[in-house]
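In what follows, a single structure is set out as structure tokens and then discussed.
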Amino acid sequence: MREDGKIDYIEWPAGDLPATKSFYSAAFGWRFTDYGPDYAAFEGEGADGGFAKPQEGSSDRPLVILYAHDLEAMLDKVVKAGGTITAPIFEFPGGRRFHFTDPSGNELGVWSATGVE
């Protein structure tokens with residue numbers, strides 16, 4: 001079961017998504033689920049995650065994503081603790097999430113699943 005505030009997912013930028021998938025598949029035996037031409041997810045590799053073609057304005061660093069059962073309540077906690085919201089809550093297939101930076105400038109995301117887990 002997913003827990004609030006725990007690391008749940010990690011996304012890496014991948015400028016050449018086919019080459020990146022090929023590398024991780026050949027080197028480590030990872031398998032991927034494609035979500036369109038710009039995103040490939042993996043699971044069961046120690047932590048779940050994905051590779052995404054960089055979008056305009058996105059970071060060139062890995063993005064650690066935490067989980068929250070109540071996304072709005074977690075956003076409020078992040079703001080009250082001194083975090084800066086860099087991407088307000090948005091929807092994606094299977095969930096919603098927001099991004100923030102901590103006082104040291106590290107960007108993280110927080111997501112919540114839609115529907116039943």
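Residue numbering restarts at 1 in every chain; chains get A, B, ... in the order shown in the structure tokens, and ligands count up from 1 in that same order.
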Excluding segment 25-32 of chain A and any residue of its chain fewer than 3 positions from it, enumerate the residues within 9 Å of it, using only C-alpha atoms, and give them as a PyMOL selection string.
chain A and resi 20-22+40-45+50
Alpha helix (DSSP H) call set, DSSP backbone run, segment 29-101 of chain A, as number ranges by chain
A: 71-80
Given the selection you just returned, output its residues as a file containing N, CA and C atoms, formatted as an mmCIF file, in the first residue's frame.
```cif
data_model
loop_
_atom_site.group_PDB
_atom_site.id
_atom_site.type_symbol
_atom_site.label_atom_id
_atom_site.label_comp_id
_atom_site.auth_asym_id
_atom_site.auth_seq_id
_atom_site.Cartn_x
_atom_site.Cartn_y
_atom_site.Cartn_z
ATOM 1 N N LEU A 71 -4.084 14.947 -2.177
ATOM 2 C CA LEU A 71 -3.118 15.801 -2.849
ATOM 3 C C LEU A 71 -3.209 17.260 -2.387
ATOM 4 N N GLU A 72 -4.427 17.769 -2.247
ATOM 5 C CA GLU A 72 -4.593 19.160 -1.813
ATOM 6 C C GLU A 72 -4.041 19.368 -0.406
ATOM 7 N N ALA A 73 -4.278 18.425 0.495
ATOM 8 C CA ALA A 73 -3.758 18.548 1.864
ATOM 9 C C ALA A 73 -2.230 18.508 1.865
ATOM 10 N N MET A 74 -1.645 17.660 1.014
ATOM 11 C CA MET A 74 -0.184 17.576 0.958
ATOM 12 C C MET A 74 0.399 18.853 0.364
ATOM 13 N N LEU A 75 -0.243 19.417 -0.651
ATOM 14 C CA LEU A 75 0.219 20.681 -1.216
ATOM 15 C C LEU A 75 0.219 21.763 -0.133
ATOM 16 N N ASP A 76 -0.825 21.814 0.673
ATOM 17 C CA ASP A 76 -0.907 22.774 1.770
ATOM 18 C C ASP A 76 0.237 22.574 2.767
ATOM 19 N N LYS A 77 0.546 21.331 3.107
ATOM 20 C CA LYS A 77 1.655 21.034 4.031
ATOM 21 C C LYS A 77 2.991 21.496 3.450
ATOM 22 N N VAL A 78 3.186 21.237 2.157
ATOM 23 C CA VAL A 78 4.439 21.629 1.493
ATOM 24 C C VAL A 78 4.611 23.143 1.544
ATOM 25 N N VAL A 79 3.557 23.871 1.233
ATOM 26 C CA VAL A 79 3.626 25.336 1.242
ATOM 27 C C VAL A 79 3.881 25.848 2.659
ATOM 28 N N LYS A 80 3.154 25.327 3.635
ATOM 29 C CA LYS A 80 3.315 25.768 5.027
ATOM 30 C C LYS A 80 4.706 25.455 5.570
#
```
Which residue is closest to Asp70 of chain A? Choose from A:Ala47, A:Ala52, A:Val110, A:Ile7 and count only C-alpha atoms.
A:Val110
List every residue of segment 57-101 of chain A that DSSP, applied to the backbone, labels as strand (DSSP E or B), and write the result as number ranges by chain.
A: 63-67, 84-92, 95-101
One-decimal distance in Å that lies between atom CA of Leu17 of chain A and atom CA of Pro54 of chain A
9.8 Å
List the spatial neighbours of Lys53 of chain A as a PyMOL selection string - criterion: any atom at most 10 Å away, only C-alpha atoms, same-chain residues fewer than 6 positions off excluded.
chain A and resi 12-17+37-40
Got a sec: who's within 9 Å of Trp111 of chain A, counting only C-alpha atoms, leaving out chain neighbours fewer than 6 positions off, as a tab-separated table (two decimals) with all heavy atoms, in the first residue's frame?
```
chain	number	residue	atom	x	y	z
A	8	ASP	N	7.84	7.19	-4.18
A	8	ASP	CA	6.99	6.24	-4.88
A	8	ASP	C	7.42	6.01	-6.32
A	8	ASP	O	7.11	4.98	-6.90
A	8	ASP	CB	5.54	6.76	-4.85
A	8	ASP	CG	4.54	5.73	-5.31
A	8	ASP	OD1	4.36	4.72	-4.60
A	8	ASP	OD2	3.97	5.91	-6.40
A	65	ILE	N	9.41	11.45	-7.00
A	65	ILE	CA	7.99	11.70	-6.82
A	65	ILE	C	7.50	10.96	-5.58
A	65	ILE	O	7.68	9.75	-5.45
A	65	ILE	CB	7.20	11.28	-8.07
A	65	ILE	CG1	7.74	12.05	-9.29
A	65	ILE	CG2	5.71	11.53	-7.88
A	65	ILE	CD1	7.15	11.64	-10.60
A	66	LEU	N	6.87	11.72	-4.69
A	66	LEU	CA	6.30	11.19	-3.46
A	66	LEU	C	4.82	10.91	-3.68
A	66	LEU	O	4.24	11.37	-4.66
A	66	LEU	CB	6.48	12.20	-2.32
A	66	LEU	CG	7.88	12.78	-2.15
A	66	LEU	CD1	7.88	13.84	-1.05
A	66	LEU	CD2	8.88	11.69	-1.85
A	67	TYR	N	4.21	10.19	-2.74
A	67	TYR	CA	2.79	9.87	-2.87
A	67	TYR	C	1.98	10.61	-1.82
A	67	TYR	O	2.47	10.89	-0.72
A	67	TYR	CB	2.55	8.36	-2.72
A	67	TYR	CG	1.14	7.99	-3.08
A	67	TYR	CD1	0.77	7.87	-4.41
A	67	TYR	CD2	0.16	7.84	-2.11
A	67	TYR	CE1	-0.54	7.58	-4.77
A	67	TYR	CE2	-1.14	7.54	-2.45
A	67	TYR	CZ	-1.49	7.42	-3.78
A	67	TYR	OH	-2.77	7.15	-4.13
A	68	ALA	N	0.73	10.91	-2.12
A	68	ALA	CA	-0.21	11.50	-1.16
A	68	ALA	C	-1.61	10.97	-1.45
A	68	ALA	O	-2.05	10.97	-2.60
A	68	ALA	CB	-0.21	13.02	-1.26
A	69	HIS	N	-2.30	10.54	-0.41
A	69	HIS	CA	-3.69	10.12	-0.57
A	69	HIS	C	-4.58	11.34	-0.81
A	69	HIS	O	-5.54	11.27	-1.56
A	69	HIS	CB	-4.17	9.34	0.65
A	69	HIS	CG	-3.52	8.00	0.77
A	69	HIS	ND1	-3.93	6.92	0.04
A	69	HIS	CD2	-2.48	7.58	1.51
A	69	HIS	CE1	-3.17	5.87	0.32
A	69	HIS	NE2	-2.28	6.25	1.20
A	71	LEU	N	-4.08	14.95	-2.18
A	71	LEU	CA	-3.12	15.80	-2.85
A	71	LEU	C	-3.21	17.26	-2.39
A	71	LEU	O	-2.19	17.91	-2.17
A	71	LEU	CB	-3.32	15.70	-4.36
A	71	LEU	CG	-2.16	16.15	-5.23
A	71	LEU	CD1	-0.88	15.36	-4.94
A	71	LEU	CD2	-2.52	16.02	-6.70
A	89	ILE	N	-1.23	21.67	-9.28
A	89	ILE	CA	-1.84	20.36	-9.52
A	89	ILE	C	-2.32	20.27	-10.98
A	89	ILE	O	-2.98	21.16	-11.49
A	89	ILE	CB	-3.01	20.12	-8.56
A	89	ILE	CG1	-2.48	20.01	-7.11
A	89	ILE	CG2	-3.79	18.87	-8.95
A	89	ILE	CD1	-3.56	19.92	-6.05
A	95	GLY	N	-3.73	9.72	-12.76
A	95	GLY	CA	-3.58	10.47	-11.53
A	95	GLY	C	-3.47	11.97	-11.70
A	95	GLY	O	-3.74	12.51	-12.77
A	96	ARG	N	-3.07	12.60	-10.61
A	96	ARG	CA	-2.83	14.04	-10.58
A	96	ARG	C	-1.56	14.27	-9.78
A	96	ARG	O	-1.21	13.46	-8.93
A	96	ARG	CB	-3.98	14.78	-9.89
A	96	ARG	CG	-5.32	14.56	-10.54
A	96	ARG	CD	-6.47	15.30	-9.84
A	96	ARG	NE	-6.43	15.17	-8.39
A	96	ARG	CZ	-6.60	16.17	-7.53
A	96	ARG	NH1	-6.84	17.39	-7.95
A	96	ARG	NH2	-6.58	15.96	-6.24
A	97	ARG	N	-0.87	15.40	-10.03
A	97	ARG	CA	0.32	15.69	-9.25
A	97	ARG	C	0.67	17.16	-9.30
A	97	ARG	O	0.12	17.91	-10.09
A	97	ARG	CB	1.51	14.84	-9.67
A	97	ARG	CG	2.22	15.25	-10.94
A	97	ARG	CD	3.32	14.25	-11.24
A	97	ARG	NE	4.29	14.76	-12.19
A	97	ARG	CZ	5.12	14.01	-12.88
A	97	ARG	NH1	5.10	12.70	-12.73
A	97	ARG	NH2	5.98	14.54	-13.71
A	98	PHE	N	1.59	17.55	-8.42
A	98	PHE	CA	2.17	18.89	-8.43
A	98	PHE	C	3.66	18.76	-8.19
A	98	PHE	O	4.14	17.71	-7.76
A	98	PHE	CB	1.51	19.81	-7.38
A	98	PHE	CG	1.78	19.45	-5.94
A	98	PHE	CD1	2.89	19.97	-5.28
A	98	PHE	CD2	0.92	18.62	-5.24
A	98	PHE	CE1	3.14	19.64	-3.94
A	98	PHE	CE2	1.16	18.29	-3.91
A	98	PHE	CZ	2.27	18.81	-3.26
A	99	HIS	N	4.40	19.82	-8.53
A	99	HIS	CA	5.85	19.85	-8.31
A	99	HIS	C	6.17	21.00	-7.36
A	99	HIS	O	5.46	22.01	-7.33
A	99	HIS	CB	6.60	20.09	-9.61
A	99	HIS	CG	6.45	18.99	-10.61
A	99	HIS	ND1	7.15	18.98	-11.79
A	99	HIS	CD2	5.68	17.88	-10.62
A	99	HIS	CE1	6.83	17.90	-12.48
A	99	HIS	NE2	5.93	17.22	-11.79
```
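Separating atom CA of Tyr9 of chain A from atom CA of Ala113 of chain A is a distance of 12.4 Å.
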Using only C-alpha atoms, which protein or nucleic acid residues come within 12 Å of Pro103 of chain A? Drop anything in the same chain fewer than 2 positions from it, and give the result as a ChimeraX atom specification.
/A:78-79,81-85,100-101,105-108
Any chance you can output those residues with all heavy atoms as an mmCIF file, in the first residue's frame?
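Saved result, result25.cif, follows:
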```
data_model
loop_
_atom_site.group_PDB
_atom_site.id
_atom_site.type_symbol
_atom_site.label_atom_id
_atom_site.label_comp_id
_atom_site.auth_asym_id
_atom_site.auth_seq_id
_atom_site.Cartn_x
_atom_site.Cartn_y
_atom_site.Cartn_z
ATOM 1 N N VAL A 78 3.186 21.237 2.157
ATOM 2 C CA VAL A 78 4.439 21.629 1.493
ATOM 3 C C VAL A 78 4.611 23.143 1.544
ATOM 4 O O VAL A 78 5.683 23.653 1.884
ATOM 5 C CB VAL A 78 4.471 21.109 0.033
ATOM 6 C CG1 VAL A 78 5.575 21.775 -0.777
ATOM 7 C CG2 VAL A 78 4.635 19.592 0.011
ATOM 8 N N VAL A 79 3.557 23.871 1.233
ATOM 9 C CA VAL A 79 3.626 25.336 1.242
ATOM 10 C C VAL A 79 3.881 25.848 2.659
ATOM 11 O O VAL A 79 4.753 26.700 2.878
ATOM 12 C CB VAL A 79 2.340 25.947 0.641
ATOM 13 C CG1 VAL A 79 2.285 27.452 0.872
ATOM 14 C CG2 VAL A 79 2.257 25.626 -0.851
ATOM 15 N N ALA A 81 5.339 24.402 5.044
ATOM 16 C CA ALA A 81 6.687 24.019 5.498
ATOM 17 C C ALA A 81 7.778 24.835 4.812
ATOM 18 O O ALA A 81 8.948 24.725 5.159
ATOM 19 C CB ALA A 81 6.916 22.533 5.252
ATOM 20 N N GLY A 82 7.403 25.662 3.818
ATOM 21 C CA GLY A 82 8.391 26.499 3.142
ATOM 22 C C GLY A 82 8.743 26.076 1.738
ATOM 23 O O GLY A 82 9.653 26.637 1.136
ATOM 24 N N GLY A 83 8.026 25.096 1.183
ATOM 25 C CA GLY A 83 8.270 24.688 -0.201
ATOM 26 C C GLY A 83 7.681 25.705 -1.170
ATOM 27 O O GLY A 83 6.754 26.439 -0.832
ATOM 28 N N THR A 84 8.234 25.741 -2.371
ATOM 29 C CA THR A 84 7.753 26.629 -3.423
ATOM 30 C C THR A 84 7.136 25.780 -4.530
ATOM 31 O O THR A 84 7.813 24.897 -5.083
ATOM 32 C CB THR A 84 8.915 27.470 -4.009
ATOM 33 O OG1 THR A 84 9.500 28.230 -2.954
ATOM 34 C CG2 THR A 84 8.436 28.390 -5.108
ATOM 35 N N ILE A 85 5.878 26.018 -4.836
ATOM 36 C CA ILE A 85 5.191 25.253 -5.875
ATOM 37 C C ILE A 85 5.713 25.702 -7.243
ATOM 38 O O ILE A 85 5.675 26.884 -7.563
ATOM 39 C CB ILE A 85 3.663 25.447 -5.790
ATOM 40 C CG1 ILE A 85 3.150 25.052 -4.396
ATOM 41 C CG2 ILE A 85 2.955 24.660 -6.899
ATOM 42 C CD1 ILE A 85 3.487 23.633 -3.980
ATOM 43 N N PHE A 100 7.262 20.840 -6.611
ATOM 44 C CA PHE A 100 7.700 21.887 -5.706
ATOM 45 C C PHE A 100 9.213 21.846 -5.561
ATOM 46 O O PHE A 100 9.847 20.850 -5.922
ATOM 47 C CB PHE A 100 7.049 21.736 -4.317
ATOM 48 C CG PHE A 100 7.543 20.534 -3.544
ATOM 49 C CD1 PHE A 100 8.591 20.646 -2.634
ATOM 50 C CD2 PHE A 100 6.960 19.290 -3.728
ATOM 51 C CE1 PHE A 100 9.046 19.549 -1.931
ATOM 52 C CE2 PHE A 100 7.410 18.175 -3.023
ATOM 53 C CZ PHE A 100 8.456 18.311 -2.119
ATOM 54 N N THR A 101 9.785 22.931 -5.054
ATOM 55 C CA THR A 101 11.193 22.929 -4.674
ATOM 56 C C THR A 101 11.274 23.080 -3.164
ATOM 57 O O THR A 101 10.452 23.766 -2.545
ATOM 58 C CB THR A 101 12.004 24.046 -5.361
ATOM 59 O OG1 THR A 101 11.388 25.299 -5.118
ATOM 60 C CG2 THR A 101 12.120 23.804 -6.862
ATOM 61 N N GLY A 105 16.464 24.048 -3.142
ATOM 62 C CA GLY A 105 16.270 24.119 -4.581
ATOM 63 C C GLY A 105 16.041 22.787 -5.264
ATOM 64 O O GLY A 105 15.961 22.732 -6.488
ATOM 65 N N ASN A 106 15.942 21.699 -4.513
ATOM 66 C CA ASN A 106 15.659 20.392 -5.106
ATOM 67 C C ASN A 106 14.200 20.342 -5.526
ATOM 68 O O ASN A 106 13.312 20.674 -4.737
ATOM 69 C CB ASN A 106 15.917 19.273 -4.090
ATOM 70 C CG ASN A 106 17.350 19.226 -3.655
ATOM 71 O OD1 ASN A 106 18.245 19.063 -4.482
ATOM 72 N ND2 ASN A 106 17.592 19.393 -2.366
ATOM 73 N N GLU A 107 13.956 19.920 -6.768
ATOM 74 C CA GLU A 107 12.576 19.795 -7.230
ATOM 75 C C GLU A 107 12.092 18.367 -7.037
ATOM 76 O O GLU A 107 12.792 17.403 -7.361
ATOM 77 C CB GLU A 107 12.439 20.188 -8.704
ATOM 78 C CG GLU A 107 10.984 20.183 -9.147
ATOM 79 C CD GLU A 107 10.751 20.730 -10.535
ATOM 80 O OE1 GLU A 107 11.718 20.795 -11.330
ATOM 81 O OE2 GLU A 107 9.604 21.074 -10.841
ATOM 82 N N LEU A 108 10.893 18.228 -6.495
ATOM 83 C CA LEU A 108 10.233 16.945 -6.308
ATOM 84 C C LEU A 108 8.810 17.066 -6.794
ATOM 85 O O LEU A 108 8.300 18.173 -6.991
ATOM 86 C CB LEU A 108 10.213 16.531 -4.834
ATOM 87 C CG LEU A 108 11.549 16.110 -4.220
ATOM 88 C CD1 LEU A 108 12.295 17.318 -3.696
ATOM 89 C CD2 LEU A 108 11.341 15.111 -3.137
#
```
What is the atom CA of Glu91 of chain A to atom CA of Ala19 of chain A distance in Å?
27.9 Å
